[in-house]
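Colleague: Structure file my_file.pdb, PDB, C-alpha atoms, is pasted below:
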ATOM      1  CA  MET A   1      16.528 -29.202   8.192
ATOM      2  CA  GLN A   2      16.857 -26.339   5.826
ATOM      3  CA  VAL A   3      14.059 -23.967   4.892
ATOM      4  CA  ARG A   4      13.214 -23.252   1.261
ATOM      5  CA  ILE A   5      11.394 -20.082   0.186
ATOM      6  CA  GLU A   6       9.502 -20.531  -3.080
ATOM      7  CA  PRO A   7       6.823 -18.608  -4.990
ATOM      8  CA  VAL A   8       3.318 -19.984  -4.469
ATOM      9  CA  GLN A   9       2.190 -22.161  -7.384
ATOM     10  CA  PRO A  10      -1.417 -22.184  -8.639
ATOM     11  CA  ASP A  11      -2.081 -25.602  -7.068
ATOM     12  CA  GLN A  12      -0.809 -24.359  -3.672
ATOM     13  CA  VAL A  13      -3.378 -21.602  -3.154
ATOM     14  CA  GLY A  14      -5.361 -23.795  -0.736
ATOM     15  CA  LEU A  15      -2.216 -24.221   1.405
ATOM     16  CA  LEU A  16      -1.718 -20.455   1.358
ATOM     17  CA  LEU A  17      -5.312 -19.780   2.449
ATOM     18  CA  GLU A  18      -4.898 -22.227   5.339
ATOM     19  CA  LEU A  19      -1.797 -20.310   6.511
ATOM     20  CA  ILE A  20      -3.647 -16.978   6.115
ATOM     21  CA  ARG A  21      -6.364 -18.365   8.386
ATOM     22  CA  GLN A  22      -3.756 -19.424  10.939
ATOM     23  CA  LEU A  23      -2.229 -15.933  10.866
ATOM     24  CA  ALA A  24      -5.700 -14.450  11.393
ATOM     25  CA  GLU A  25      -6.252 -16.769  14.343
ATOM     26  CA  TYR A  26      -2.917 -15.670  15.866
ATOM     27  CA  GLU A  27      -3.952 -12.038  15.355
ATOM     28  CA  ARG A  28      -7.370 -12.768  16.948
ATOM     29  CA  ARG A  29      -9.116 -11.811  13.714
ATOM     30  CA  LEU A  30     -10.251 -15.129  12.276
ATOM     31  CA  ASP A  31     -13.772 -13.694  11.972
ATOM     32  CA  GLN A  32     -12.390 -11.172   9.469
ATOM     33  CA  VAL A  33     -11.173 -13.725   6.926
ATOM     34  CA  GLN A  34     -13.534 -13.662   3.957
ATOM     35  CA  ALA A  35     -10.954 -14.488   1.275
ATOM     36  CA  THR A  36     -11.627 -17.500  -0.928
ATOM     37  CA  GLU A  37      -9.187 -19.547  -2.982
ATOM     38  CA  ALA A  38     -10.630 -17.850  -6.068
ATOM     39  CA  ASP A  39      -9.869 -14.384  -4.600
ATOM     40  CA  LEU A  40      -6.268 -15.367  -3.906
ATOM     41  CA  ARG A  41      -5.815 -17.041  -7.265
ATOM     42  CA  ALA A  42      -7.023 -13.882  -9.018
ATOM     43  CA  ALA A  43      -4.757 -11.652  -6.924
ATOM     44  CA  LEU A  44      -1.662 -13.778  -7.542
ATOM     45  CA  PHE A  45      -2.067 -15.039 -11.079
ATOM     46  CA  ARG A  46      -4.310 -12.666 -13.011
ATOM     47  CA  GLU A  47      -2.398 -10.979 -15.840
ATOM     48  CA  GLY A  48      -0.841  -7.734 -14.647
ATOM     49  CA  SER A  49      -1.577  -8.179 -10.931
ATOM     50  CA  PRO A  50       1.290  -6.827  -8.795
ATOM     51  CA  VAL A  51       0.613  -9.206  -5.849
ATOM     52  CA  ARG A  52       3.192 -11.924  -5.073
ATOM     53  CA  ALA A  53       3.364 -14.632  -2.398
ATOM     54  CA  VAL A  54       5.950 -17.158  -1.256
ATOM     55  CA  LEU A  55       5.745 -20.247   0.930
ATOM     56  CA  ALA A  56       8.412 -21.364   3.409
ATOM     57  CA  TRP A  57       8.972 -25.126   3.213
ATOM     58  CA  ARG A  58      10.500 -27.541   5.738
ATOM     59  CA  GLY A  59      10.729 -30.749   3.747
ATOM     60  CA  GLN A  60       7.205 -31.473   2.502
ATOM     61  CA  GLU A  61       5.498 -29.070   4.906
ATOM     62  CA  ALA A  62       4.523 -25.432   4.213
ATOM     63  CA  VAL A  63       5.317 -23.756   7.541
ATOM     64  CA  GLY A  64       5.077 -20.058   6.700
ATOM     65  CA  TYR A  65       4.369 -17.515   4.022
ATOM     66  CA  ALA A  66       4.770 -13.907   2.975
ATOM     67  CA  LEU A  67       2.557 -11.865   0.651
ATOM     68  CA  TYR A  68       3.673  -8.555  -0.833
ATOM     69  CA  TYR A  69       3.213  -5.950  -3.558
ATOM     70  CA  PRO A  70       4.866  -2.672  -4.595
ATOM     71  CA  VAL A  71       3.811   0.708  -3.202
ATOM     72  CA  PHE A  72       5.081   4.087  -4.423
ATOM     73  CA  SER A  73       6.032   7.276  -2.580
ATOM     74  CA  THR A  74       5.595  10.466  -4.608
ATOM     75  CA  PHE A  75       7.896  12.388  -2.256
ATOM     76  CA  ARG A  76      10.716   9.863  -2.446
ATOM     77  CA  GLY A  77       9.987   9.015  -6.066
ATOM     78  CA  GLN A  78      10.712   5.405  -5.155
ATOM     79  CA  PHE A  79       8.868   2.136  -4.808
ATOM     80  CA  ALA A  80       8.915   0.094  -1.620
ATOM     81  CA  LEU A  81       8.072  -3.569  -1.233
ATOM     82  CA  TYR A  82       4.985  -3.578   0.976
ATOM     83  CA  LEU A  83       4.789  -6.677   3.114
ATOM     84  CA  GLU A  84       1.093  -7.330   3.645
ATOM     85  CA  ASP A  85       1.632 -10.547   5.655
ATOM     86  CA  ILE A  86       4.494 -12.545   7.062
ATOM     87  CA  PHE A  87       3.728 -15.632   9.153
ATOM     88  CA  VAL A  88       5.464 -18.715  10.540
ATOM     89  CA  LEU A  89       3.485 -21.515  12.211
ATOM     90  CA  PRO A  90       3.965 -21.268  16.013
ATOM     91  CA  ALA A  91       5.570 -24.736  16.240
ATOM     92  CA  TYR A  92       8.303 -23.652  13.811
ATOM     93  CA  ARG A  93       9.310 -20.335  15.338
ATOM     94  CA  GLY A  94      12.821 -19.574  16.539
ATOM     95  CA  GLN A  95      14.331 -21.680  13.741
ATOM     96  CA  GLY A  96      15.278 -18.939  11.299
ATOM     97  CA  ILE A  97      12.236 -19.297   9.055
ATOM     98  CA  GLY A  98      11.040 -15.706   9.527
ATOM     99  CA  LEU A  99      14.584 -14.551   8.878
ATOM    100  CA  ALA A 100      14.729 -16.603   5.676
ATOM    101  CA  LEU A 101      11.459 -15.034   4.540
ATOM    102  CA  MET A 102      12.669 -11.505   5.322
ATOM    103  CA  ARG A 103      15.956 -12.187   3.536
ATOM    104  CA  TYR A 104      14.086 -13.397   0.463
ATOM    105  CA  LEU A 105      12.018 -10.188   0.543
ATOM    106  CA  ALA A 106      15.084  -7.975   0.963
ATOM    107  CA  ARG A 107      16.653  -9.595  -2.107
ATOM    108  CA  GLU A 108      13.387  -9.297  -4.018
ATOM    109  CA  ALA A 109      13.188  -5.577  -3.137
ATOM    110  CA  LEU A 110      16.749  -4.836  -4.244
ATOM    111  CA  ARG A 111      16.357  -6.947  -7.391
ATOM    112  CA  HIS A 112      13.431  -4.731  -8.435
ATOM    113  CA  GLY A 113      15.301  -1.542  -7.533
ATOM    114  CA  TYR A 114      13.055  -0.796  -4.535
ATOM    115  CA  ASP A 115      14.896   0.915  -1.702
ATOM    116  CA  ARG A 116      12.690  -0.137   1.197
ATOM    117  CA  ILE A 117      10.470  -2.799   2.733
ATOM    118  CA  GLU A 118       7.457  -1.458   4.608
ATOM    119  CA  TRP A 119       4.851  -3.207   6.741
ATOM    120  CA  GLN A 120       2.692  -2.833   9.844
ATOM    121  CA  VAL A 121       2.770  -4.799  13.078
ATOM    122  CA  LEU A 122       0.110  -5.090  15.791
ATOM    123  CA  ASP A 123       1.187  -3.028  18.774
ATOM    124  CA  TRP A 124       0.829  -6.003  21.185
ATOM    125  CA  ASN A 125       2.922  -8.378  19.052
ATOM    126  CA  THR A 126       6.136  -7.990  21.042
ATOM    127  CA  PRO A 127       8.001 -11.027  19.623
ATOM    128  CA  ALA A 128       7.464  -9.719  16.092
ATOM    129  CA  ILE A 129       8.453  -6.162  17.036
ATOM    130  CA  GLU A 130      11.675  -7.449  18.636
ATOM    131  CA  PHE A 131      12.424  -9.554  15.569
ATOM    132  CA  TYR A 132      12.008  -6.524  13.287
ATOM    133  CA  HIS A 133      14.245  -4.376  15.484
ATOM    134  CA  ARG A 134      16.956  -7.056  15.362
ATOM    135  CA  LEU A 135      16.885  -6.739  11.571
ATOM    136  CA  GLY A 136      17.470  -2.987  11.835
ATOM    137  CA  ALA A 137      13.885  -1.959  11.048
ATOM    138  CA  THR A 138      12.525   1.261  12.512
ATOM    139  CA  PRO A 139       9.009   2.556  13.207
ATOM    140  CA  LYS A 140       7.755   5.162  10.757
ATOM    141  CA  GLU A 141       6.377   8.489  11.918
ATOM    142  CA  THR A 142       2.800   8.094  13.061
ATOM    143  CA  GLU A 143       0.998  11.390  12.617
ATOM    144  CA  TRP A 144      -0.926   9.729   9.781
ATOM    145  CA  VAL A 145      -4.472   8.534  10.401
ATOM    146  CA  PRO A 146      -5.667   5.734   8.099
ATOM    147  CA  TYR A 147      -9.089   6.158   6.496
ATOM    148  CA  LYS A 148     -11.319   4.061   4.281
ATOM    149  CA  LEU A 149     -14.386   4.632   2.106
ATOM    150  CA  GLU A 150     -16.442   1.580   1.180
ATOM    151  CA  GLY A 151     -19.859   0.042   0.634
ATOM    152  CA  GLU A 152     -22.823   2.362   0.206
ATOM    153  CA  ALA A 153     -20.737   5.532   0.695
ATOM    154  CA  LEU A 154     -18.355   4.447  -2.083
ATOM    155  CA  ARG A 155     -21.195   3.642  -4.470
ATOM    156  CA  ARG A 156     -23.009   6.876  -3.635
ATOM    157  CA  LEU A 157     -19.884   8.915  -4.411
ATOM    158  CA  ALA A 158     -19.333   7.079  -7.698
ATOM    159  CA  ALA A 159     -22.958   7.607  -8.730
ATOM    160  CA  GLY A 160     -23.126  11.318  -7.811
TER     161      GLY A 160
ATOM    162  CA  MET B 161     -15.967  26.774 -14.861
ATOM    163  CA  GLN B 162     -16.093  23.030 -14.869
ATOM    164  CA  VAL B 163     -13.324  20.767 -13.662
ATOM    165  CA  ARG B 164     -11.978  17.958 -15.830
ATOM    166  CA  ILE B 165     -10.196  14.935 -14.348
ATOM    167  CA  GLU B 166      -7.821  13.295 -16.823
ATOM    168  CA  PRO B 167      -4.999  10.754 -16.641
ATOM    169  CA  VAL B 168      -1.541  12.322 -16.615
ATOM    170  CA  GLN B 169       0.129  12.202 -20.039
ATOM    171  CA  PRO B 170       3.871  11.608 -20.463
ATOM    172  CA  ASP B 171       4.477  15.270 -21.361
ATOM    173  CA  GLN B 172       2.659  16.431 -18.182
ATOM    174  CA  VAL B 173       4.973  14.781 -15.655
ATOM    175  CA  GLY B 174       6.685  18.117 -14.929
ATOM    176  CA  LEU B 175       3.303  19.631 -14.039
ATOM    177  CA  LEU B 176       2.607  16.689 -11.761
ATOM    178  CA  LEU B 177       5.945  17.063  -9.973
ATOM    179  CA  GLU B 178       5.245  20.755  -9.402
ATOM    180  CA  LEU B 179       1.918  19.853  -7.753
ATOM    181  CA  ILE B 180       3.615  17.156  -5.657
ATOM    182  CA  ARG B 181       6.044  19.807  -4.423
ATOM    183  CA  GLN B 182       3.152  22.101  -3.547
ATOM    184  CA  LEU B 183       1.460  19.298  -1.601
ATOM    185  CA  ALA B 184       4.720  18.688   0.255
ATOM    186  CA  GLU B 185       4.945  22.369   1.083
ATOM    187  CA  TYR B 186       1.380  22.308   2.446
ATOM    188  CA  GLU B 187       2.287  19.250   4.534
ATOM    189  CA  ARG B 188       5.454  21.023   5.778
ATOM    190  CA  ARG B 189       7.592  18.314   4.180
ATOM    191  CA  LEU B 190       9.112  20.000   1.153
ATOM    192  CA  ASP B 191      12.548  18.888   2.371
ATOM    193  CA  GLN B 192      11.423  15.285   1.882
ATOM    194  CA  VAL B 193      10.752  15.574  -1.855
ATOM    195  CA  GLN B 194      13.513  13.755  -3.700
ATOM    196  CA  ALA B 195      11.416  12.549  -6.644
ATOM    197  CA  THR B 196      12.558  13.483 -10.126
ATOM    198  CA  GLU B 197      10.568  13.616 -13.344
ATOM    199  CA  ALA B 198      12.362  10.431 -14.386
ATOM    200  CA  ASP B 199      11.207   8.660 -11.185
ATOM    201  CA  LEU B 200       7.598   9.669 -11.807
ATOM    202  CA  ARG B 201       7.735   8.780 -15.490
ATOM    203  CA  ALA B 202       9.014   5.305 -14.627
ATOM    204  CA  ALA B 203       6.350   4.802 -11.945
ATOM    205  CA  LEU B 204       3.502   5.881 -14.220
ATOM    206  CA  PHE B 205       4.487   4.612 -17.627
ATOM    207  CA  ARG B 206       6.851   1.677 -17.259
ATOM    208  CA  GLU B 207       5.298  -1.534 -18.604
ATOM    209  CA  GLY B 208       3.405  -3.357 -15.860
ATOM    210  CA  SER B 209       3.615  -0.604 -13.238
ATOM    211  CA  PRO B 210       0.395  -0.433 -11.184
ATOM    212  CA  VAL B 211       0.761   3.313 -10.383
ATOM    213  CA  ARG B 212      -1.752   5.754 -11.910
ATOM    214  CA  ALA B 213      -2.168   9.535 -11.630
ATOM    215  CA  VAL B 214      -4.755  12.063 -12.773
ATOM    216  CA  LEU B 215      -4.718  15.837 -13.054
ATOM    217  CA  ALA B 216      -7.659  18.134 -12.290
ATOM    218  CA  TRP B 217      -7.990  20.871 -14.921
ATOM    219  CA  ARG B 218      -9.741  24.253 -14.785
ATOM    220  CA  GLY B 219      -9.479  25.436 -18.360
ATOM    221  CA  GLN B 220      -5.790  25.372 -19.232
ATOM    222  CA  GLU B 221      -4.582  25.155 -15.629
ATOM    223  CA  ALA B 222      -3.727  21.985 -13.702
ATOM    224  CA  VAL B 223      -5.087  22.773 -10.234
ATOM    225  CA  GLY B 224      -4.927  19.416  -8.477
ATOM    226  CA  TYR B 225      -3.970  15.782  -8.766
ATOM    227  CA  ALA B 226      -4.393  12.324  -7.323
ATOM    228  CA  LEU B 227      -1.978   9.397  -7.456
ATOM    229  CA  TYR B 228      -3.042   5.849  -6.625
ATOM    230  CA  TYR B 229      -2.325   2.125  -6.966
ATOM    231  CA  PRO B 230      -3.980  -1.129  -5.898
ATOM    232  CA  VAL B 231      -3.326  -2.787  -2.543
ATOM    233  CA  PHE B 232      -4.582  -6.233  -1.493
ATOM    234  CA  SER B 233      -5.970  -7.562   1.780
ATOM    235  CA  THR B 234      -5.408 -11.280   2.341
ATOM    236  CA  PHE B 235      -8.130 -11.382   5.009
ATOM    237  CA  ARG B 236     -10.759  -9.727   2.848
ATOM    238  CA  GLY B 237      -9.444 -11.338  -0.339
ATOM    239  CA  GLN B 238     -10.094  -8.012  -2.052
ATOM    240  CA  PHE B 239      -8.159  -5.187  -3.595
ATOM    241  CA  ALA B 240      -8.570  -1.573  -2.496
ATOM    242  CA  LEU B 241      -7.593   1.530  -4.412
ATOM    243  CA  TYR B 242      -4.873   3.110  -2.283
ATOM    244  CA  LEU B 243      -4.831   6.870  -2.609
ATOM    245  CA  GLU B 244      -1.226   7.904  -2.076
ATOM    246  CA  ASP B 245      -1.865  11.619  -2.690
ATOM    247  CA  ILE B 246      -4.800  13.896  -3.316
ATOM    248  CA  PHE B 247      -4.192  17.645  -3.603
ATOM    249  CA  VAL B 248      -5.945  20.814  -4.769
ATOM    250  CA  LEU B 249      -4.098  24.139  -5.005
ATOM    251  CA  PRO B 250      -5.150  26.332  -2.040
ATOM    252  CA  ALA B 251      -6.572  29.073  -4.304
ATOM    253  CA  TYR B 252      -8.945  26.531  -5.872
ATOM    254  CA  ARG B 253     -10.377  24.918  -2.751
ATOM    255  CA  GLY B 254     -14.062  24.912  -1.883
ATOM    256  CA  GLN B 255     -15.014  24.646  -5.556
ATOM    257  CA  GLY B 256     -15.748  20.944  -5.797
ATOM    258  CA  ILE B 257     -12.388  19.941  -7.266
ATOM    259  CA  GLY B 258     -11.472  17.547  -4.462
ATOM    260  CA  LEU B 259     -14.935  16.049  -4.735
ATOM    261  CA  ALA B 260     -14.501  15.591  -8.489
ATOM    262  CA  LEU B 261     -11.177  13.831  -7.858
ATOM    263  CA  MET B 262     -12.683  11.553  -5.193
ATOM    264  CA  ARG B 263     -15.628  10.773  -7.470
ATOM    265  CA  TYR B 264     -13.256   9.835 -10.290
ATOM    266  CA  LEU B 265     -11.405   7.531  -7.875
ATOM    267  CA  ALA B 266     -14.618   5.930  -6.607
ATOM    268  CA  ARG B 267     -15.611   5.133 -10.186
ATOM    269  CA  GLU B 268     -12.135   3.863 -10.952
ATOM    270  CA  ALA B 269     -12.263   1.576  -7.890
ATOM    271  CA  LEU B 270     -15.663   0.116  -8.773
ATOM    272  CA  ARG B 271     -14.692  -0.258 -12.425
ATOM    273  CA  HIS B 272     -11.771  -2.466 -11.380
ATOM    274  CA  GLY B 273     -13.920  -4.447  -8.941
ATOM    275  CA  TYR B 274     -12.178  -2.991  -5.870
ATOM    276  CA  ASP B 275     -14.518  -2.592  -2.912
ATOM    277  CA  ARG B 276     -12.707   0.188  -1.073
ATOM    278  CA  ILE B 277     -10.586   3.336  -1.276
ATOM    279  CA  GLU B 278      -7.953   3.650   1.459
ATOM    280  CA  TRP B 279      -5.620   6.508   2.352
ATOM    281  CA  GLN B 280      -3.957   8.311   5.242
ATOM    282  CA  VAL B 281      -4.393  11.864   6.412
ATOM    283  CA  LEU B 282      -2.184  13.964   8.667
ATOM    284  CA  ASP B 283      -3.793  14.236  12.092
ATOM    285  CA  TRP B 284      -3.641  18.069  12.063
ATOM    286  CA  ASN B 285      -5.245  18.432   8.621
ATOM    287  CA  THR B 286      -8.749  19.229   9.894
ATOM    288  CA  PRO B 287     -10.210  20.552   6.608
ATOM    289  CA  ALA B 288      -9.218  17.321   4.843
ATOM    290  CA  ILE B 289     -10.541  15.149   7.683
ATOM    291  CA  GLU B 290     -13.884  16.978   7.606
ATOM    292  CA  PHE B 291     -14.048  16.606   3.825
ATOM    293  CA  TYR B 292     -13.473  12.847   4.094
ATOM    294  CA  HIS B 293     -16.118  12.479   6.789
ATOM    295  CA  ARG B 294     -18.641  14.307   4.591
ATOM    296  CA  LEU B 295     -18.011  11.642   1.933
ATOM    297  CA  GLY B 296     -18.838   8.905   4.446
ATOM    298  CA  ALA B 297     -15.244   7.804   5.019
ATOM    299  CA  THR B 298     -14.296   6.323   8.390
ATOM    300  CA  PRO B 299     -11.004   5.968  10.265
ATOM    301  CA  LYS B 300      -9.519   2.471  10.259
ATOM    302  CA  GLU B 301      -8.524   0.731  13.467
ATOM    303  CA  THR B 302      -5.146   1.959  14.627
ATOM    304  CA  GLU B 303      -3.480  -0.780  16.653
ATOM    305  CA  TRP B 304      -1.069  -1.207  13.739
ATOM    306  CA  VAL B 305       2.408   0.298  13.963
ATOM    307  CA  PRO B 306       4.079   1.061  10.611
ATOM    308  CA  TYR B 307       7.689  -0.121  10.181
ATOM    309  CA  LYS B 308      10.327   0.210   7.515
ATOM    310  CA  LEU B 309      13.654  -1.434   6.677
ATOM    311  CA  GLU B 310      15.981   0.430   4.332
ATOM    312  CA  GLY B 311      19.520   1.449   3.478
ATOM    313  CA  GLU B 312      22.363  -0.461   5.038
ATOM    314  CA  ALA B 313      20.071  -2.690   7.133
ATOM    315  CA  LEU B 314      18.196  -3.743   3.976
ATOM    316  CA  ARG B 315      21.402  -4.511   2.085
ATOM    317  CA  ARG B 316      22.889  -6.376   5.059
ATOM    318  CA  LEU B 317      19.815  -8.579   5.307
ATOM    319  CA  ALA B 318      19.856  -9.298   1.572
ATOM    320  CA  ALA B 319      23.548 -10.181   1.654
ATOM    321  CA  GLY B 320      23.347 -12.440   4.752
TER     322      GLY B 320
END
Taking this structure as input, can you express it in the form of structure tokens?
Modeller:
Amino acid sequence: MQVRIEPVQPDQVGLLLELIRQLAEYERRLDQVQATEADLRAALFREGSPVRAVLAWRGQEAVGYALYYPVFSTFRGQFALYLEDIFVLPAYRGQGIGLALMRYLAREALRHGYDRIEWQVLDWNTPAIEFYHRLGATPKETEWVPYKLEGEALRRLAAG
Amino acid sequence: MQVRIEPVQPDQVGLLLELIRQLAEYERRLDQVQATEADLRAALFREGSPVRAVLAWRGQEAVGYALYYPVFSTFRGQFALYLEDIFVLPAYRGQGIGLALMRYLAREALRHGYDRIEWQVLDWNTPAIEFYHRLGATPKETEWVPYKLEGEALRRLAAG
């Protein structure tokens, strides 16, 4: 049975959130999921939001998804498509669904004139890492340390 | 003399590119700067682009900049302000200009309803790391490996 990749519709946001929760469970981070349907709806459908998501369908069943947005490199002067999440339900792996999602994203990137897809993978997720290498993906340099500023520290800075 | 933080205007894109090149030189990556004024103008001013940049002014001189765009976490269901670049000319450091830029960004984040600023710092850039810690910033978990897919591999995937 063929897979179809289609943009998430407003009435499918509940399906998307369920898949996000299944990804979080696979990544052993279910406790970190605080997103609500309203959060996702705002991110995907609010005027001017750059966030996009697609579902992978086998017949009537949503079996995977990808969520992405543009990022910009000042040195390259180019946008990349940043892939925040890609996920296929465990029972449907090895059937080309991840490949169909990545192909959709590659076309989406080129259609927008972006010259790259970028993403991050958990260092223990060997099946995913092997899949990405088969596509020709390469690790980026890693002398960068990610930081965040949030909560009270963020509000204190803003108020100062 | 006070510092003013102001959005980049279309006729200031050349100034911005000069500062980007100086940041790249500081990061020992000048060879990686391929961006043109046209690239930056498109990223900042094309209808619907989420990329924003500000200049820091001392009198008539642009002495620093920041460039940022929104990113979205599906687990948190929230946007963060992603700080792609922040830079102050070496001769103007230690005068509160970086702080003024970060404060502008904190206000910008809260104004948009984002609950976080995120960025990356080079692991050898101790003065920057200390500055961020003084603001209350914290390193993110680092079991994520960044990947990219570009060039021929990207086009091959799209064509497949």
Colleague: Determine the residue set returned by the PyMOL selection byres ((chain B and resi 200) around 10) for the present structure, and present it as a ChimeraX atom specification.
Modeller: /A:72-78 /B:170,173-174,176-177,195-199,201-206,211,213
Colleague: Restrict the selected residues to C-alpha atoms and save them as a compact mmCIF listing (two decimals), keeping the file's coordinate frame.
Modeller:
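selection.txt, freshly written:
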# COMPACT_ATOMS: atom_id res chain seq x y z
CA PHE A 72 5.08 4.09 -4.42
CA SER A 73 6.03 7.28 -2.58
CA THR A 74 5.60 10.47 -4.61
CA PHE A 75 7.90 12.39 -2.26
CA ARG A 76 10.72 9.86 -2.45
CA GLY A 77 9.99 9.02 -6.07
CA GLN A 78 10.71 5.40 -5.16
CA PRO B 170 3.87 11.61 -20.46
CA VAL B 173 4.97 14.78 -15.66
CA GLY B 174 6.68 18.12 -14.93
CA LEU B 176 2.61 16.69 -11.76
CA LEU B 177 5.94 17.06 -9.97
CA ALA B 195 11.42 12.55 -6.64
CA THR B 196 12.56 13.48 -10.13
CA GLU B 197 10.57 13.62 -13.34
CA ALA B 198 12.36 10.43 -14.39
CA ASP B 199 11.21 8.66 -11.18
CA ARG B 201 7.74 8.78 -15.49
CA ALA B 202 9.01 5.30 -14.63
CA ALA B 203 6.35 4.80 -11.94
CA LEU B 204 3.50 5.88 -14.22
CA PHE B 205 4.49 4.61 -17.63
CA ARG B 206 6.85 1.68 -17.26
CA VAL B 211 0.76 3.31 -10.38
CA ALA B 213 -2.17 9.54 -11.63
Colleague: Write out as CSV a residue-level contact list of chain B versus chain A with cut-off 7 Å: for each qualifying residue the closest pair of atoms and the distance in Å to one decimal, counting only C-alpha atoms, rows sorted by chain and residue number upward.
Modeller:
residue,atom,partner,partner_atom,distance
B:Gln192,CA,A:Phe75,CA,6.2
B:Val193,CA,A:Phe75,CA,4.3
B:Gln194,CA,A:Arg76,CA,5.0
B:Ala195,CA,A:Gly77,CA,3.9
B:Thr196,CA,A:Gly77,CA,6.6
B:Asp199,CA,A:Gly77,CA,5.3
B:Leu200,CA,A:Gly77,CA,6.3
B:Gly208,CA,A:Gly48,CA,6.2
B:Pro210,CA,A:Pro50,CA,6.9
B:Thr234,CA,A:Ala35,CA,6.5
B:Phe235,CA,A:Val33,CA,4.3
B:Arg236,CA,A:Gln34,CA,4.9
B:Gly237,CA,A:Ala35,CA,3.8
B:Gln238,CA,A:Asp39,CA,6.9
B:Arg263,CA,A:Ala158,CA,5.2
B:Ala266,CA,A:Ala158,CA,5.0
B:Arg267,CA,A:Ala158,CA,4.9
B:Asp275,CA,A:Glu150,CA,6.2
B:Arg276,CA,A:Glu150,CA,4.6
B:Ile277,CA,A:Leu149,CA,5.2
B:Glu278,CA,A:Lys148,CA,4.4
B:Trp279,CA,A:Tyr147,CA,5.4
B:Gln280,CA,A:Pro146,CA,4.2
B:Val281,CA,A:Val145,CA,5.2
B:Leu282,CA,A:Trp144,CA,4.6
B:Asp283,CA,A:Glu143,CA,5.6
B:Leu295,CA,A:Ala153,CA,6.8
B:Gly296,CA,A:Ala153,CA,5.4
B:Ala297,CA,A:Leu149,CA,4.4
B:Thr298,CA,A:Tyr147,CA,5.5
B:Pro299,CA,A:Tyr147,CA,4.2
B:Lys300,CA,A:Tyr147,CA,5.3
B:Glu303,CA,A:Asp123,CA,5.6
B:Trp304,CA,A:Leu122,CA,4.5
B:Val305,CA,A:Gln120,CA,5.2
B:Pro306,CA,A:Gln120,CA,4.2
B:Tyr307,CA,A:Pro139,CA,4.3
B:Lys308,CA,A:Glu118,CA,4.4
B:Leu309,CA,A:Ala137,CA,4.4
B:Glu310,CA,A:Arg116,CA,4.6
B:Gly311,CA,A:Asp115,CA,7.0
B:Ala313,CA,A:Gly136,CA,5.4
B:Leu314,CA,A:Ala106,CA,6.1
B:Leu317,CA,A:Arg103,CA,5.6
B:Ala318,CA,A:Arg107,CA,4.9
Colleague: Keeping only C-alpha atoms, write the selected residues to a file as a compact mmCIF listing (two decimals), keeping the file's coordinate frame.
Modeller:
# COMPACT_ATOMS: atom_id res chain seq x y z
CA GLN B 192 11.42 15.28 1.88
CA VAL B 193 10.75 15.57 -1.86
CA GLN B 194 13.51 13.76 -3.70
CA ALA B 195 11.42 12.55 -6.64
CA THR B 196 12.56 13.48 -10.13
CA ASP B 199 11.21 8.66 -11.18
CA LEU B 200 7.60 9.67 -11.81
CA GLY B 208 3.40 -3.36 -15.86
CA PRO B 210 0.40 -0.43 -11.18
CA THR B 234 -5.41 -11.28 2.34
CA PHE B 235 -8.13 -11.38 5.01
CA ARG B 236 -10.76 -9.73 2.85
CA GLY B 237 -9.44 -11.34 -0.34
CA GLN B 238 -10.09 -8.01 -2.05
CA ARG B 263 -15.63 10.77 -7.47
CA ALA B 266 -14.62 5.93 -6.61
CA ARG B 267 -15.61 5.13 -10.19
CA ASP B 275 -14.52 -2.59 -2.91
CA ARG B 276 -12.71 0.19 -1.07
CA ILE B 277 -10.59 3.34 -1.28
CA GLU B 278 -7.95 3.65 1.46
CA TRP B 279 -5.62 6.51 2.35
CA GLN B 280 -3.96 8.31 5.24
CA VAL B 281 -4.39 11.86 6.41
CA LEU B 282 -2.18 13.96 8.67
CA ASP B 283 -3.79 14.24 12.09
CA LEU B 295 -18.01 11.64 1.93
CA GLY B 296 -18.84 8.90 4.45
CA ALA B 297 -15.24 7.80 5.02
CA THR B 298 -14.30 6.32 8.39
CA PRO B 299 -11.00 5.97 10.26
CA LYS B 300 -9.52 2.47 10.26
CA GLU B 303 -3.48 -0.78 16.65
CA TRP B 304 -1.07 -1.21 13.74
CA VAL B 305 2.41 0.30 13.96
CA PRO B 306 4.08 1.06 10.61
CA TYR B 307 7.69 -0.12 10.18
CA LYS B 308 10.33 0.21 7.52
CA LEU B 309 13.65 -1.43 6.68
CA GLU B 310 15.98 0.43 4.33
CA GLY B 311 19.52 1.45 3.48
CA ALA B 313 20.07 -2.69 7.13
CA LEU B 314 18.20 -3.74 3.98
CA LEU B 317 19.82 -8.58 5.31
CA ALA B 318 19.86 -9.30 1.57
Colleague: So how many Å separate atom CA of B:Phe247 and atom CA of B:Ala222, to one decimal?
Modeller: 11.0 Å
Colleague: Once the PyMOL selection byres ((chain B and resi 255-257) around 12) has been evaluated on this model, what residues remain selected, and can you format them as a PyMOL selection string?
Modeller: chain B and resi 161-165+215-218+222-226+246-254+258-264+291
Colleague: For a test of reading the model, state the distance in Å between atom CA of A:Arg52 and atom CA of A:Pro7, rounded to one decimal.
Modeller: 7.6 Å
Colleague: Mind giving me the straight-line distance from atom CA of A:Thr126 to atom CA of A:Val8 in Å, one decimal?
Modeller: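 Taking atom CA of A:Thr126 and atom CA of A:Val8, their separation equals 28.3 Å.
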Colleague: Which residue is closest to A:Glu61? Choose from A:Arg28, A:Leu15, A:Gln22, A:Gln9 and count all atoms listed in the file.
Modeller: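 Answer, going by the shortest atom-to-atom distance: A:Leu15.
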